[in-house]
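*Asks:* Mind having a look at this structure? Questions to follow.
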Amino acid sequence: MAIRDLDAVLCEARKRGATFLDEPAGKRILASWGINVPRSCVVRADVEIQAAVSAMTPPFALKVVASGVVHKSDVGGVCLNLRSAEEVEFAIAQMQPRLFAKGIEPCCWLVEEMVPAGVEVVVGGLVDPEVGPMVMIGLGGVFVEVLKDVAFRICPIANLDAIEMVEELRGGPLLRGARGQRPVSIEALVHVVLRLGGEDGLLMACADRVAEIDINPLIVTPDHAFAVDARFILRRSE
Amino acid sequence: MIAMSAHTAFKPLFEPTSIAVVGASATTVSGGNRFIRHLRNFGYAGRIFPIHPTASEIEGLPSHRSLAEVPMHVDYAYIAVAAHHAAEVLRSGRGNVRFAQVMSSGFGETDGGSALEAGLVLAAREAGTRLIGPNCLGVYSPKARVTFTEKTSPDPGTVGIVCQSGGLGIDIIRRGQNRGLRFSGLVTIGNSADVGASELLEYFFNSPDTALVGLYLESTREGRRLFEVLQAGKARKPVVLLKGGRTSQGRRAAASHTGALAGSDRSWDALCRQTGSTMVDTLDEFLDALLAFQCLSLRRMPSKDVVLFGNGGGTSVLGTDAFDRCGFQVSPFDASTVASLTALKLPAGSSFTNPIDVPAGALQQDEGRVAERIIDIVSASGQADALVIHVNMTVIMSFRHVDMLGNIVEAALKVRERSASSMHIALVLRSDGESDIEESKREYRRIAVQRGVAVFDELSSAAKALAGVRSVEVFRAKRQVD
């Protein structure tokens with residue numbers, strides 16, 4: 001099932017000549033690969049939002065889906081902590097003209113349940129020119145490139161490698177419960193790292209078609225880990 | 001199957017019974033002539049066949065007009081001709097040459113040389129010859145008395161080296177042997193257009209003569225293959241990796257955080273962590289780490305606690321810092337060990353916590369034999385995974401009437417030889433560079449390394465080398481590698 005989903009999504013994106021996957025597509029792949037993603041729905045600005053979110057529990061996060069936009073928050077395409085369908089509608093109405101003004105044409109909107117508080121981890125993958133697929137974890141959220149608190153491994157990795165990656169992070173105490181916080185689930189984090197970089201992981205399955213993957217953030221709580229954002233950069237087809 | 005063949009397939013390269021030399025001159029002394037002279041000076045016992053289009057004799061040996069005319073199978077052909085002639089030389093040896101090492105430069109390492117290199121590889125394939133190089137210097141194999149440079153030690157050892165640079169290969173042999181390293185073999189592979197580092201690594205892994213491997217690599221097209229060979233090796237034979245060009249290779253502007261954070265340094269770091277290989281940054285660290293692995297038997301329980309013993313308070317403090325930075329513990333002794341040391345009644349000024357600091361004057365006691373008692377007590381205490389003995393030679397040597405340093409070195413060796421404990425012993429001989437001190441340091445180093453005690457120039461170098469040893473011990477313990 002997972003492989004078929006992956007192949008379908010990637011094949012469709014290639015046909016369109018896309019260079020990256022939009023967030024709903026990326027999350028569909030992650031979910032099919034056994035990685036938790038927030039409950040969500042994709043809506044258009046002109047349809048009945050009330051009905052679309054009726055089965056979901058607020059608060060909601062609202063994110064724009066538009067071709068050419070990789071960094072959504074940078075262009076003002078994200079709104080958090082919306083408490084109802086009305087607030088979602090209102091937020092869309094406010095964001096839409098500002099996005100238009102920047103030349104961005106939203107194709108649809110992603111409405112997601114907000115996940116519980118936790119530690120933000122970056123989990124990613126890439127295809128290295130020398131050694132092939134590699135998996136990464138890091139701390140620091142949007143500042144991960146500044147702090148460079150990251151650990152890389154060559155795929156496929158085993159459980160022990162994933163545990164050692166977590167141990168390698170300087171900011172490891174943040175995961176183990178620094179300053180009175182509850183420790184987060186290392187098990188859930190390791191599960192995600194293995195689903196990405198393990199023997200039967202996503203990277204081994206799609207390294208021929210995907211150049212880079214970012215799950216940033218992966219929010220790790222005391223019990224779970226949720227991929228809150230997903231970015232898939234596709235390989236240029238020859 | 002592959003493992004078996006890697007060993008037998010490369011044997012003719014390291015133990016050739018016949019060597020052909022292409023590029024020796026009948027009138028002057030070229031690279032080929034020097035190679036023949038090196039072989040003879042070194043005592044190579046196999047047949048040497050100079051190849052020359054016109055001359056009948058070179059270096060006093062009968063010469064043949066081409067590789068095809070050599071009357072027996074050539075195990076190894078040394079080829080030092082202009083780049084554009086090299087392919088033709090390989091073709092001429094069709095079916096008769098097992099290994100050909102092309103020293104010539106002007107191939108893939110230069111602008112526009114890639115086509116010439118591809119042609120060389122093709123010629124080797126067609127001739128049924130495995131190609132080493134081009135753009136390299138040769139093979140050193142003391143067991144078979146093969147060498148490509150002067151002043152190389154004839155004593156075979158256990159260290160196998162694959163070196164992408166020719167000049168650095170000479171450094172590794174010469175500086176390495178002066179530190180006590182002894183080699184099973186060294187190959188310079190240059191552009192490694194055909195035979196790559198991973199195949200040679202596999203050979204060393206499967207060769208009973210080799211106990212540990214050092215790799216110097218720059219660019220390689222076979223990072224993945226190298227990873228797989230190292231992973232399969234499970235650090236059963238320690239591997240020390242010196243990787244050039246780790247910092248300069250920036251990646252293209254990446255669209256993801258992961259891509260932006262990646263780079264050559266990350267991939268090689270990951271490779272080492274996943275395979276239990278030891279990454280070093282400098283030639284000296286490379287040689288120090290190899291020496292540590294050559295001399296020390298890896299412990300089942302990873303080394304953690306270090307005891308420092310020597311003369312010099314400041315050195316002890318700096319040494320403690322160095323070991324701490326490398327992740328070791330330099331913890332104070334328990335009460336009974338302190339009591340045993342105190343009972344030796346060493347004069348005031350001595351310190352019996354850890355580090356043990358005994359002024360040179362105090363070590364004179366009993367002609368310096370007190371050192372043996374101290375080392376015995378440390379060994380029996382069970383508090384040292386590694387004992388590092390450091391000697392300020394300038395001070396010790398000024399007590400000329402006794403061979404105090406000799407006694408200290410002897411003490412370390414004796415304790416090591418009779419002790420059942422698996423405590424590592426390392427010796428740091430600190431010199432001021434005066435020629436007489438350097439001379440005796442060289443001699444003590446030789447004696448110590450010969451008997452399996454690793455010798456370093458400074459405590460900080462010892463700390464880094466031992467950290468490499470520990471990382472392999474940790475790797476093996478965690479992955480239950482015997």
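Chain lettering (A, B, ...) mirrors the order of the structure tokens, residue numbering begins at 1 for each chain separately, and ligand numbering begins at 1 in order of display.
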Leaving out segment 66-75 of chain A and any residue of its chain fewer than 6 positions from it, which residues lie within 8 Å of it when counting only C-alpha atoms, given as a list of chain:residue names?

*Replies:* A:Asp22, A:Leu99, A:Ile104, A:Glu105, A:Pro106, A:Cys107, A:Cys108, A:Arg231

*Asks:* Could you save the residues just selected, with all heavy atoms, as a compact mmCIF listing (two decimals), in the first residue's frame?

*Replies:*
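Once everything was written out, this is out_4.txt:
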```txt
# COMPACT_ATOMS: atom_id res chain seq x y z
N ASP A 22 3.74 19.21 -2.81
CA ASP A 22 3.06 20.10 -1.87
C ASP A 22 2.85 19.35 -0.56
O ASP A 22 3.01 18.13 -0.48
CB ASP A 22 1.77 20.67 -2.47
CG ASP A 22 0.75 19.60 -2.79
OD1 ASP A 22 0.69 18.59 -2.05
OD2 ASP A 22 0.02 19.76 -3.79
N LEU A 99 -1.51 37.34 -0.24
CA LEU A 99 -0.74 36.39 -1.06
C LEU A 99 -0.81 36.78 -2.53
O LEU A 99 0.20 36.77 -3.23
CB LEU A 99 -1.27 34.96 -0.86
CG LEU A 99 -0.96 34.37 0.52
CD1 LEU A 99 -1.80 33.11 0.76
CD2 LEU A 99 0.52 34.03 0.65
N ILE A 104 1.30 35.24 -5.45
CA ILE A 104 1.08 33.82 -5.13
C ILE A 104 -0.40 33.50 -5.29
O ILE A 104 -1.26 34.18 -4.71
CB ILE A 104 1.53 33.52 -3.69
CG1 ILE A 104 3.04 33.75 -3.58
CG2 ILE A 104 1.14 32.10 -3.28
CD1 ILE A 104 3.51 33.89 -2.16
N GLU A 105 -0.68 32.48 -6.04
CA GLU A 105 -2.07 32.11 -6.25
C GLU A 105 -2.36 30.81 -5.51
O GLU A 105 -1.94 29.73 -5.96
CB GLU A 105 -2.32 31.93 -7.74
CG GLU A 105 -3.57 32.67 -8.19
CD GLU A 105 -3.65 32.70 -9.70
OE1 GLU A 105 -2.81 33.38 -10.32
OE2 GLU A 105 -4.54 32.02 -10.23
N PRO A 106 -3.07 30.89 -4.39
CA PRO A 106 -3.35 29.67 -3.63
C PRO A 106 -4.18 28.70 -4.47
O PRO A 106 -5.15 29.12 -5.11
CB PRO A 106 -4.16 30.17 -2.44
CG PRO A 106 -3.86 31.63 -2.34
CD PRO A 106 -3.62 32.09 -3.74
N CYS A 107 -3.76 27.42 -4.49
CA CYS A 107 -4.60 26.46 -5.21
C CYS A 107 -5.59 25.84 -4.25
O CYS A 107 -6.71 25.52 -4.62
CB CYS A 107 -3.75 25.42 -5.93
SG CYS A 107 -3.37 23.96 -4.99
N CYS A 108 -5.22 25.72 -2.98
CA CYS A 108 -6.15 25.27 -1.95
C CYS A 108 -5.52 25.54 -0.59
O CYS A 108 -4.44 26.13 -0.51
CB CYS A 108 -6.49 23.80 -2.12
SG CYS A 108 -5.06 22.73 -2.22
N ARG A 231 8.36 18.30 3.53
CA ARG A 231 8.86 18.91 2.30
C ARG A 231 9.63 17.84 1.53
O ARG A 231 10.58 17.26 2.05
CB ARG A 231 9.78 20.07 2.67
CG ARG A 231 10.19 20.93 1.53
CD ARG A 231 11.02 22.08 2.03
NE ARG A 231 10.30 22.93 2.98
CZ ARG A 231 10.88 23.85 3.73
NH1 ARG A 231 12.18 24.02 3.68
NH2 ARG A 231 10.17 24.59 4.55
```

*Asks:* Considering only C-alpha atoms, tabulate each residue of chain B that lies at most 10 Å from chain A along with its nearest interatomic pair and the corresponding distance in Å to one decimal; arrange the rows by chain and ascending residue number and present them as a tab-separated table.

*Replies:*
```
residue	atom	partner	partner_atom	distance
B:Ser219	CA	A:Glu130	CA	9.1
B:Thr220	CA	A:Glu130	CA	7.5
B:Arg221	CA	A:Glu130	CA	6.5
B:Glu222	CA	A:Glu130	CA	6.9
B:Gly223	CA	A:Val131	CA	4.9
B:Arg224	CA	A:Val131	CA	4.3
B:Arg225	CA	A:Val131	CA	8.0
B:Leu226	CA	A:Val131	CA	8.7
B:Phe227	CA	A:Val131	CA	7.5
B:Glu228	CA	A:Val131	CA	9.8
B:Arg251	CA	A:Asp128	CA	9.6
B:Ala254	CA	A:Glu212	CA	8.7
B:Ala255	CA	A:Ile233	CA	7.3
B:Ser256	CA	A:Asp214	CA	6.3
B:His257	CA	A:Glu145	CA	6.6
B:Thr258	CA	A:Gly124	CA	5.5
B:Gly259	CA	A:Leu126	CA	6.4
B:Ala260	CA	A:Glu145	CA	7.4
B:Leu261	CA	A:Glu145	CA	6.5
B:Ala262	CA	A:Asp128	CA	8.1
B:Gly263	CA	A:Asp128	CA	7.9
B:Ser264	CA	A:Glu130	CA	7.9
B:Arg266	CA	A:Phe152	CA	6.4
B:Ser267	CA	A:Val131	CA	7.0
B:Trp268	CA	A:Val131	CA	8.7
B:Asp269	CA	A:Phe152	CA	8.1
B:Ala270	CA	A:Arg153	CA	4.9
B:Leu271	CA	A:Ile154	CA	6.7
B:Cys272	CA	A:Arg153	CA	9.6
B:Arg273	CA	A:Arg153	CA	8.2
B:Gln274	CA	A:Asp161	CA	7.2
B:Lys478	CA	A:Leu160	CA	8.6
B:Arg479	CA	A:Leu160	CA	8.6
```

*Asks:* Please provide as JSON, numbers by chain all residues within 7 Å of segment 2-11 of chain A, with the sequence filter that same-chain residues fewer than 6 positions apart are discarded (counting only C-alpha atoms).

*Replies:* {"A": [25, 29, 32, 33]}

*Asks:* Check the DSSP output for the backbone and give back, as a PyMOL selection string, the residues of chain A in alpha helix (DSSP H).

*Replies:* chain A and resi 2-16+23-32+49-52+85-101+144-147+159-168+172-175+186-197+202-206

*Asks:* Show me, as a count of residues only, the residues that have an atom within 9 Å of Ile132 of chain B when counting only C-alpha atoms, minus same-chain residues fewer than 5 positions from it.

*Replies:* 16

*Asks:* Write out as a list in words all residues of segment 57-135 of chain B that backbone DSSP assigns to strand (DSSP E).

*Replies:*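 Assigned to strand (DSSP E), within segment 57-135 of chain B: Glu57, Ile58, Leu61, Pro62, Val74, Asp75, Tyr76, Ala77, Tyr78, Ile79, Val97, Arg98, Phe99, Ala100, Gln101, Val102, Arg130, Leu131 and Ile132 of chain B.
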
*Asks:* What's the 8 Å shell around Gln294 of chain B, counting only C-alpha atoms, without same-chain residues fewer than 2 positions away, as a list of chain:residue names?

*Replies:*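 So, after excluding close chain neighbours, the residues are B:Thr158, B:Val159, B:Leu181, B:Ala211, B:Leu212, B:Leu290, B:Leu291, B:Ala292, B:Leu296, B:Gly452.
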
*Asks:* Pick out the residues sitting within 9 Å of segment 429-440 of chain B, and hand them over as a list in words; count only C-alpha atoms, and ignore anything fewer than 3 positions along from it in its own chain.

*Replies:*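 Near segment 429-440 of chain B, the qualifying residues are Ile389, His390, Val391, Asn392, Met393, Thr394, Met397, Glu443, Tyr444, Arg445, Val455, Phe456, Asp457, Glu458 and Leu459 of chain B.
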
*Asks:* Keeping only N, CA, C and O atoms, write those residues as an mmCIF file, in the first residue's frame.

*Replies:*
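For reference, result_24.cif as written:
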```cif
data_model
loop_
_atom_site.group_PDB
_atom_site.id
_atom_site.type_symbol
_atom_site.label_atom_id
_atom_site.label_comp_id
_atom_site.auth_asym_id
_atom_site.auth_seq_id
_atom_site.Cartn_x
_atom_site.Cartn_y
_atom_site.Cartn_z
ATOM 1 N N ILE B 389 52.371 6.838 30.951
ATOM 2 C CA ILE B 389 53.575 7.249 31.667
ATOM 3 C C ILE B 389 54.238 8.344 30.844
ATOM 4 O O ILE B 389 54.510 8.156 29.656
ATOM 5 N N HIS B 390 54.444 9.491 31.473
ATOM 6 C CA HIS B 390 55.071 10.577 30.725
ATOM 7 C C HIS B 390 56.376 10.992 31.376
ATOM 8 O O HIS B 390 56.492 11.049 32.597
ATOM 9 N N VAL B 391 57.352 11.222 30.529
ATOM 10 C CA VAL B 391 58.697 11.509 31.016
ATOM 11 C C VAL B 391 59.204 12.793 30.375
ATOM 12 O O VAL B 391 59.231 12.910 29.156
ATOM 13 N N ASN B 392 59.573 13.746 31.210
ATOM 14 C CA ASN B 392 60.264 14.931 30.711
ATOM 15 C C ASN B 392 61.727 14.547 30.570
ATOM 16 O O ASN B 392 62.478 14.503 31.537
ATOM 17 N N MET B 393 62.134 14.239 29.370
ATOM 18 C CA MET B 393 63.462 13.666 29.153
ATOM 19 C C MET B 393 64.576 14.626 29.527
ATOM 20 O O MET B 393 65.626 14.208 30.015
ATOM 21 N N THR B 394 64.355 15.917 29.330
ATOM 22 C CA THR B 394 65.380 16.910 29.637
ATOM 23 C C THR B 394 65.791 16.805 31.110
ATOM 24 O O THR B 394 66.974 16.815 31.453
ATOM 25 N N MET B 397 67.192 13.066 31.972
ATOM 26 C CA MET B 397 68.507 12.770 31.412
ATOM 27 C C MET B 397 69.618 13.556 32.108
ATOM 28 O O MET B 397 70.787 13.235 31.951
ATOM 29 N N GLU B 443 66.012 5.841 20.500
ATOM 30 C CA GLU B 443 66.414 4.510 20.946
ATOM 31 C C GLU B 443 65.377 3.903 21.905
ATOM 32 O O GLU B 443 64.965 2.759 21.754
ATOM 33 N N TYR B 444 64.938 4.719 22.876
ATOM 34 C CA TYR B 444 63.937 4.210 23.826
ATOM 35 C C TYR B 444 62.621 3.905 23.109
ATOM 36 O O TYR B 444 61.935 2.942 23.416
ATOM 37 N N ARG B 445 62.297 4.750 22.149
ATOM 38 C CA ARG B 445 61.062 4.521 21.391
ATOM 39 C C ARG B 445 61.118 3.173 20.663
ATOM 40 O O ARG B 445 60.170 2.405 20.673
ATOM 41 N N VAL B 455 54.364 4.629 21.889
ATOM 42 C CA VAL B 455 55.096 5.812 22.350
ATOM 43 C C VAL B 455 54.613 7.050 21.592
ATOM 44 O O VAL B 455 54.453 7.010 20.370
ATOM 45 N N PHE B 456 54.385 8.122 22.335
ATOM 46 C CA PHE B 456 53.904 9.366 21.735
ATOM 47 C C PHE B 456 54.796 10.522 22.142
ATOM 48 O O PHE B 456 55.536 10.437 23.114
ATOM 49 N N ASP B 457 54.675 11.630 21.387
ATOM 50 C CA ASP B 457 55.512 12.796 21.662
ATOM 51 C C ASP B 457 54.937 13.675 22.767
ATOM 52 O O ASP B 457 55.660 14.381 23.451
ATOM 53 N N GLU B 458 53.621 13.679 22.875
ATOM 54 C CA GLU B 458 52.981 14.551 23.863
ATOM 55 C C GLU B 458 51.760 13.855 24.455
ATOM 56 O O GLU B 458 51.185 12.959 23.839
ATOM 57 N N LEU B 459 51.336 14.300 25.616
ATOM 58 C CA LEU B 459 50.153 13.718 26.257
ATOM 59 C C LEU B 459 48.901 13.938 25.417
ATOM 60 O O LEU B 459 48.034 13.078 25.342
#
```
